[in-house]
Every structure is written in structure tokens, then in C-alpha cells.
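Chemist: Got a structure for you, model.csv, holding CSV, C-alpha atoms and all ligand atoms.
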chain,number,residue,atom,x,y,z
A,21,GLU,CA,38.0,-68.4,1.1
A,22,ARG,CA,36.7,-70.7,3.9
A,23,VAL,CA,35.8,-67.6,6.0
A,24,LEU,CA,33.8,-66.1,3.1
A,25,ASP,CA,32.1,-69.5,2.6
A,26,VAL,CA,31.1,-69.6,6.3
A,27,MET,CA,29.8,-66.0,6.0
A,28,ARG,CA,27.7,-66.9,3.0
A,29,GLN,CA,26.3,-69.9,4.8
A,30,GLN,CA,25.4,-67.7,7.8
A,31,GLY,CA,23.7,-65.2,5.5
A,32,MET,CA,26.0,-62.3,6.5
A,33,PRO,CA,26.4,-59.3,4.2
A,34,GLU,CA,29.1,-59.7,1.6
A,35,ILE,CA,30.9,-56.5,2.5
A,36,SER,CA,34.3,-57.9,3.7
A,37,VAL,CA,37.2,-55.9,2.5
A,38,ALA,CA,38.1,-56.6,-1.2
A,39,PRO,CA,40.7,-59.5,-1.4
A,40,GLY,CA,43.3,-57.2,-2.9
A,41,TYR,CA,43.0,-54.8,-0.1
A,42,GLY,CA,43.0,-57.6,2.4
A,43,ARG,CA,46.4,-58.6,1.0
A,44,LEU,CA,47.5,-55.0,1.1
A,45,LEU,CA,46.6,-54.9,4.8
A,46,THR,CA,48.7,-58.0,5.4
A,47,LEU,CA,51.6,-56.4,3.6
A,48,LEU,CA,51.3,-53.1,5.4
A,49,VAL,CA,51.2,-54.8,8.8
A,50,ARG,CA,54.2,-57.0,7.8
A,51,LEU,CA,56.1,-53.7,7.0
A,52,LYS,CA,55.0,-51.9,10.1
A,53,GLN,CA,55.3,-54.9,12.6
A,54,PRO,CA,52.7,-53.5,15.0
A,55,ARG,CA,52.3,-55.2,18.4
A,56,ARG,CA,48.9,-53.7,18.9
A,57,VAL,CA,46.3,-53.4,16.1
A,58,LEU,CA,42.8,-52.0,16.4
A,59,GLU,CA,40.1,-52.8,14.0
A,60,ILE,CA,36.8,-51.0,14.0
A,61,GLY,CA,34.1,-53.2,12.5
A,62,ALA,CA,34.8,-57.0,12.6
A,63,LEU,CA,31.9,-58.5,10.6
A,64,GLY,CA,33.0,-62.1,10.0
A,65,GLY,CA,36.7,-61.7,10.8
A,66,TYR,CA,37.9,-61.6,7.2
A,67,SER,CA,39.9,-58.3,7.5
A,68,GLY,CA,41.0,-59.3,11.1
A,69,ILE,CA,42.6,-62.5,9.7
A,70,CYS,CA,44.3,-60.4,7.0
A,71,LEU,CA,45.7,-58.2,9.7
A,72,LEU,CA,46.8,-61.1,12.0
A,73,ARG,CA,48.6,-62.8,9.1
A,74,GLY,CA,51.0,-59.9,8.8
A,75,MET,CA,51.5,-59.3,12.6
A,76,PRO,CA,54.5,-60.3,14.6
A,77,ALA,CA,54.1,-63.5,16.7
A,78,ASP,CA,53.4,-61.5,19.9
A,79,GLY,CA,51.0,-59.1,18.2
A,80,ILE,CA,47.4,-58.7,19.5
A,81,LEU,CA,44.4,-57.7,17.4
A,82,THR,CA,41.6,-55.8,19.1
A,83,SER,CA,38.4,-55.8,17.2
A,84,LEU,CA,35.3,-53.6,17.9
A,85,GLU,CA,32.0,-54.9,16.7
A,86,ILE,CA,28.5,-53.8,17.6
A,87,ARG,CA,26.7,-57.0,16.9
A,88,GLU,CA,27.2,-59.9,19.3
A,89,ASP,CA,26.1,-62.5,16.6
A,90,PHE,CA,28.7,-61.1,14.1
A,91,ALA,CA,31.4,-60.9,16.9
A,92,GLN,CA,30.8,-64.6,17.6
A,93,ILE,CA,31.2,-65.7,14.0
A,94,ALA,CA,34.3,-63.5,13.7
A,95,ARG,CA,35.8,-65.1,16.8
A,96,SER,CA,35.1,-68.6,15.4
A,97,ASN,CA,36.6,-67.7,12.0
A,98,ILE,CA,39.7,-66.2,13.7
A,99,ALA,CA,40.0,-69.3,15.7
A,100,MET,CA,39.7,-71.4,12.6
A,101,ALA,CA,42.6,-69.4,11.1
A,102,GLY,CA,44.7,-70.3,14.2
A,103,TYR,CA,44.7,-66.9,15.9
A,104,ALA,CA,42.3,-67.3,18.8
A,105,ALA,CA,44.9,-66.5,21.4
A,106,ARG,CA,45.9,-63.3,19.7
A,107,SER,CA,42.4,-61.8,19.2
A,108,GLU,CA,40.4,-59.6,21.6
A,109,MET,CA,36.8,-58.8,20.6
A,110,ILE,CA,35.0,-55.9,22.2
A,111,VAL,CA,31.3,-56.0,21.6
A,112,GLY,CA,29.3,-52.7,21.7
A,113,PRO,CA,29.1,-49.4,19.8
A,114,ALA,CA,32.6,-48.5,18.7
A,115,ALA,CA,32.4,-44.9,19.9
A,116,GLU,CA,31.8,-46.2,23.5
A,117,SER,CA,34.5,-48.8,23.3
A,118,LEU,CA,37.0,-46.3,21.9
A,119,ALA,CA,36.2,-43.8,24.7
A,120,ARG,CA,36.9,-46.6,27.2
A,121,LEU,CA,40.2,-47.5,25.5
A,122,VAL,CA,41.3,-43.9,25.7
A,123,GLN,CA,40.3,-43.7,29.4
A,124,GLU,CA,42.4,-46.9,30.0
A,125,GLY,CA,45.4,-45.2,28.4
A,126,ARG,CA,45.6,-47.9,25.7
A,127,GLN,CA,47.8,-47.3,22.6
A,128,PHE,CA,47.8,-48.9,19.2
A,129,ASP,CA,50.3,-49.0,16.3
A,130,PHE,CA,47.9,-49.8,13.5
A,131,PHE,CA,44.2,-49.0,12.9
A,132,PHE,CA,41.8,-50.3,10.4
A,133,ILE,CA,38.6,-48.3,10.3
A,134,ASP,CA,35.7,-50.1,8.6
A,135,ALA,CA,32.4,-49.7,10.6
A,136,ASP,CA,29.5,-47.3,10.3
A,137,LYS,CA,30.5,-44.6,7.8
A,138,GLU,CA,28.8,-41.7,9.6
A,139,ASN,CA,31.2,-42.0,12.5
A,140,TYR,CA,34.4,-42.1,10.4
A,141,PRO,CA,35.6,-38.6,11.4
A,142,HIS,CA,35.0,-39.4,15.0
A,143,TYR,CA,36.8,-42.8,14.7
A,144,LEU,CA,39.7,-41.0,13.1
A,145,ALA,CA,39.9,-38.5,16.0
A,146,GLN,CA,39.8,-41.4,18.5
A,147,ALA,CA,42.5,-43.3,16.5
A,148,ILE,CA,44.8,-40.3,16.7
A,149,ALA,CA,44.1,-40.1,20.5
A,150,LEU,CA,45.1,-43.8,20.8
A,151,ALA,CA,48.0,-43.7,18.4
A,152,SER,CA,51.6,-44.6,19.3
A,153,PRO,CA,54.1,-42.3,17.4
A,154,GLY,CA,54.2,-43.2,13.7
A,155,ALA,CA,51.0,-45.3,14.0
A,156,VAL,CA,49.3,-46.3,10.7
A,157,VAL,CA,45.7,-45.6,9.9
A,158,ALA,CA,43.9,-47.5,7.1
A,159,ALA,CA,40.2,-47.0,6.3
A,160,ASP,CA,37.9,-48.8,3.9
A,161,ASN,CA,35.1,-47.6,1.6
A,162,THR,CA,36.2,-44.0,1.2
A,163,LEU,CA,34.5,-43.9,-2.2
A,164,LEU,CA,31.1,-45.2,-1.0
A,165,GLY,CA,30.4,-46.7,-4.4
A,166,GLY,CA,31.3,-43.4,-6.1
A,167,ARG,CA,28.9,-41.3,-4.0
A,168,THR,CA,31.6,-39.3,-2.3
A,169,LEU,CA,32.5,-37.9,-5.7
A,170,ASN,CA,28.9,-37.4,-6.9
A,171,ALA,CA,27.7,-33.9,-6.1
A,172,ASP,CA,24.0,-35.1,-6.2
A,173,LYS,CA,24.6,-37.4,-3.3
A,174,ASN,CA,24.6,-35.7,0.1
A,175,GLY,CA,23.4,-38.1,2.7
A,176,PRO,CA,24.9,-38.3,6.2
A,177,SER,CA,27.4,-41.1,5.3
A,178,VAL,CA,28.5,-39.3,2.2
A,179,GLN,CA,29.0,-36.0,4.0
A,180,ALA,CA,30.9,-37.8,6.8
A,181,MET,CA,33.1,-39.6,4.3
A,182,ARG,CA,33.9,-36.4,2.5
A,183,GLU,CA,34.9,-34.8,5.8
A,184,PHE,CA,37.0,-37.9,6.6
A,185,ASN,CA,38.8,-37.8,3.3
A,186,ARG,CA,39.5,-34.1,3.8
A,187,LEU,CA,41.0,-34.9,7.2
A,188,ILE,CA,43.2,-37.7,5.7
A,189,ALA,CA,44.5,-35.1,3.3
A,190,GLN,CA,44.8,-32.1,5.6
A,191,HIS,CA,44.9,-33.0,9.3
A,192,PRO,CA,48.0,-31.5,10.8
A,193,ARG,CA,48.8,-34.8,12.7
A,194,LEU,CA,48.5,-37.0,9.6
A,195,MET,CA,50.3,-37.7,6.4
A,196,GLY,CA,47.8,-39.4,4.2
A,197,ALA,CA,47.1,-40.8,0.8
A,198,HIS,CA,44.1,-42.2,-1.0
A,199,LEU,CA,44.0,-45.4,-3.0
A,200,PRO,CA,41.0,-45.2,-5.4
A,201,ALA,CA,40.7,-48.9,-6.3
A,202,TYR,CA,37.8,-51.2,-5.2
A,203,ASP,CA,35.7,-49.0,-2.9
A,204,GLY,CA,38.6,-46.7,-1.9
A,205,LEU,CA,41.1,-47.1,0.9
A,206,ALA,CA,42.7,-44.2,2.8
A,207,LEU,CA,46.1,-44.6,4.4
A,208,ALA,CA,47.8,-42.3,6.8
A,209,ILE,CA,50.6,-42.2,9.4
A,210,VAL,CA,50.1,-40.3,12.6
A,211,LYS,CA,52.9,-37.8,13.0
B,1,LIG,N1,36.1,-55.1,8.5
B,1,LIG,C1,35.3,-56.2,8.0
B,1,LIG,C2,34.0,-55.6,7.5
B,1,LIG,C3,33.2,-54.8,8.4
B,1,LIG,S1,31.6,-54.4,7.8
B,1,LIG,C4,36.0,-57.0,6.9
B,1,LIG,O1,36.5,-56.3,6.0
B,1,LIG,O2,36.1,-58.2,7.1
B,1,LIG,C5,31.1,-53.2,9.1
B,1,LIG,C6,30.9,-53.8,10.4
B,1,LIG,O3,30.8,-52.7,11.3
B,1,LIG,C7,29.7,-54.7,10.6
B,1,LIG,O4,30.0,-55.9,11.1
B,1,LIG,C8,28.8,-53.9,11.5
B,1,LIG,O5,28.0,-54.7,12.4
B,1,LIG,C9,29.8,-53.1,12.3
B,1,LIG,N2,29.3,-51.8,12.9
B,1,LIG,C10,28.4,-51.0,12.4
B,1,LIG,N3,28.2,-50.0,13.2
B,1,LIG,C11,29.0,-50.2,14.3
B,1,LIG,C12,29.3,-49.4,15.5
B,1,LIG,N4,28.6,-48.3,15.8
B,1,LIG,N5,30.2,-49.9,16.3
B,1,LIG,C13,30.9,-51.1,16.1
B,1,LIG,N6,30.7,-51.8,15.0
B,1,LIG,C14,29.8,-51.3,14.1
B,2,MG,MG,34.6,-52.1,4.3
When written as C-alpha cells, how does the structure in this file appear?
Ligand code: SAH
Ligand code: MG

Modeler:
Amino acid sequence: ERVLDVMRQQGMPEISVAPGYGRLLTLLVRLKQPRRVLEIGALGGYSGICLLRGMPADGILTSLEIREDFAQIARSNIAMAGYAARSEMIVGPAAESLARLVQEGRQFDFFFIDADKENYPHYLAQAIALASPGAVVAADNTLLGGRTLNADKNGPSVQAMREFNRLIAQHPRLMGAHLPAYDGLALAIVK
């Protein structure tokens, strides 16, 4: 609640993950016990704190965020929650940061995809490339306010999200499911 207050004071968009899904992220991370978690799209750090709350004491959260001003607020909120030492923030376009992480041979056990929607299929491919065996992928906003299910809506984000949802259902490396509450959350494990 304090993080959301700070974000409102700073005039940030009110698009943090829904509280119920934030709690679900904490719960999933608590079940999976991932040492290395990668979040794509940090905003004010709300989902990052939800992830960190479920992680083991030696777990590190890496967050990718394109806006330096948002990254700074996220850092400060994550510090306020007591997790400064376990948070790594990489500022820049996520596609570039992901390519660098792949090059460096980094691996992650849990992914939360929640940045620009047009790149979701690309982010999923990069997550699979960075995944340790059995890694979990969660992704927010798979319904896009209902537009992914509305045949009259065919903008670039909608088309990308439809493709993303198809991959969650059918990608040979994934076993996935779709939760249609709030704005939609996709879950998958990387086989
Ligand atoms: N995960 C956050 C909300 C993220 S909102 C939460 O639930 O608390 C989407 C975020 O993605 C915004 O902060 C936006 O600046 C960032 N973003 C948009 N395009 C991006 C890109 N190409 N690379 C990295 N971050 C991006
Ligand atoms: Mg979201």
C-alpha cells in the first residue's frame, strides 16, 4: 500500500499488477524457491516486491526497465521494503538487456513478463533461452482489457498478445495455463 501511495504521489501510471495476482506471484515464488528471478517491466517496484517476498533469503531479483526515472523509484521502493541488497535493476530496452543476459550465459528460474505488449512473443523466446530446467514463466495482461478476445480489435499489441497466448498453449517447450481474472495472467513451466 505504501508503494502504491508513493507511485500516486509521483504521478506514475496505475498499472501495477492487481493485488490478487501480486499475492499469487508471492505464492508461486514461495512454491518454486527460485534463486534467480527475472522481471521484465519494473514500473514502481510493486510486482518486484511481491516476487522478493516469496524468494529464498539468497534469491536475487533482476528487473529490466526502460525508463531511468521509473527504475529509480522502483529501486527506492524496493529498498523501503527491505530488499535493496537483493535487487538488480538493468535500465534500457528489455530486448537489448535480454540479448546481453543470453550472451553472458545467465540463467533464471522464474520470469515475470510485464513490459511493452508488442514484444511479448520475443520476451517469451528470450525467457526460454535464459531458463533453467523447470523454470516458471508468468506474464500479465494477457486479456488486454478484453481486446485479445474481441475480433474487431487487431492493433499490434493485440496481435502480439494473441500470438503470445497461442505460444503459452502450444509451444513444444512449454506447459502452460491461462488465468482469466483481472487483466489475464499466463503461467507456464519450461520443459
Ligand atoms: N511489473 C510492474 C508493472 C510494469 S508496467 C508491476 O506490476 O508493478 C510496464 C513497465 O514496462 C513500465 O514501467 C514501462 O516503462 C516498462 N517498459 C515499457 N517498454 C519497455 C521496454 N521496451 N523495455 C523495458 N521496459 C519497458
Ligand atoms: Mg501488467

Chemist: Pick the closest to Asp134 in chain A from A:Leu51, A:Val178, A:Ile148, A:Ala62: which is it, counting only C-alpha atoms?

Modeler: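 Checking each candidate against Asp134 in chain A, we get A:Ala62 as the closest.
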
Chemist: Under the rule that only C-alpha atoms and all ligand atoms are counted, which of A:Ser117, A:Asn161, A:Ser177, A:Gln146 is the nearest residue to ligand MG 2 (chain B)?

Modeler: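 So, comparing all the options, the nearest one is A:Asn161.
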
Chemist: Take the point (32.0, -59.4, 4.9) as written in the file and pick out every residue within 10 Å of it, counting only C-alpha atoms; give the list as a PyMOL selection string.

Modeler: chain A and resi 23-24+27-28+32-38+62-67+90+94

Chemist: Taking only C-alpha atoms into account, name the residue in A:Leu81, A:Ser152, A:Tyr103, A:Leu144 that is nearest to Leu207 in chain A.

Modeler: A:Leu144

Chemist: Which polymer residues have any atom within 8 Å of an atom of range 162-165 of chain A, counting all atoms listed in the file, with same-chain residues fewer than 3 positions away left out, as a VMD selection string?

Modeler: chain A and resid 159 168 to 169 178 181 185 200 203 to 206

Chemist: Kindly save the residues from that selection, with C-alpha atoms included, as a PDB file, in the coordinates of the input.

Modeler:
ATOM      1  CA  ALA A 159      40.200 -47.000   6.300  1.00  0.00           C
ATOM      2  CA  THR A 168      31.600 -39.300  -2.300  1.00  0.00           C
ATOM      3  CA  LEU A 169      32.500 -37.900  -5.700  1.00  0.00           C
ATOM      4  CA  VAL A 178      28.500 -39.300   2.200  1.00  0.00           C
ATOM      5  CA  MET A 181      33.100 -39.600   4.300  1.00  0.00           C
ATOM      6  CA  ASN A 185      38.800 -37.800   3.300  1.00  0.00           C
ATOM      7  CA  PRO A 200      41.000 -45.200  -5.400  1.00  0.00           C
ATOM      8  CA  ASP A 203      35.700 -49.000  -2.900  1.00  0.00           C
ATOM      9  CA  GLY A 204      38.600 -46.700  -1.900  1.00  0.00           C
ATOM     10  CA  LEU A 205      41.100 -47.100   0.900  1.00  0.00           C
ATOM     11  CA  ALA A 206      42.700 -44.200   2.800  1.00  0.00           C
TER      12      ALA A 206
END

Chemist: Could you jot down the CA of Gly112 in chain A to CA of Arg126 in chain A separation for me, Å, one decimal place?

Modeler: 17.5 Å
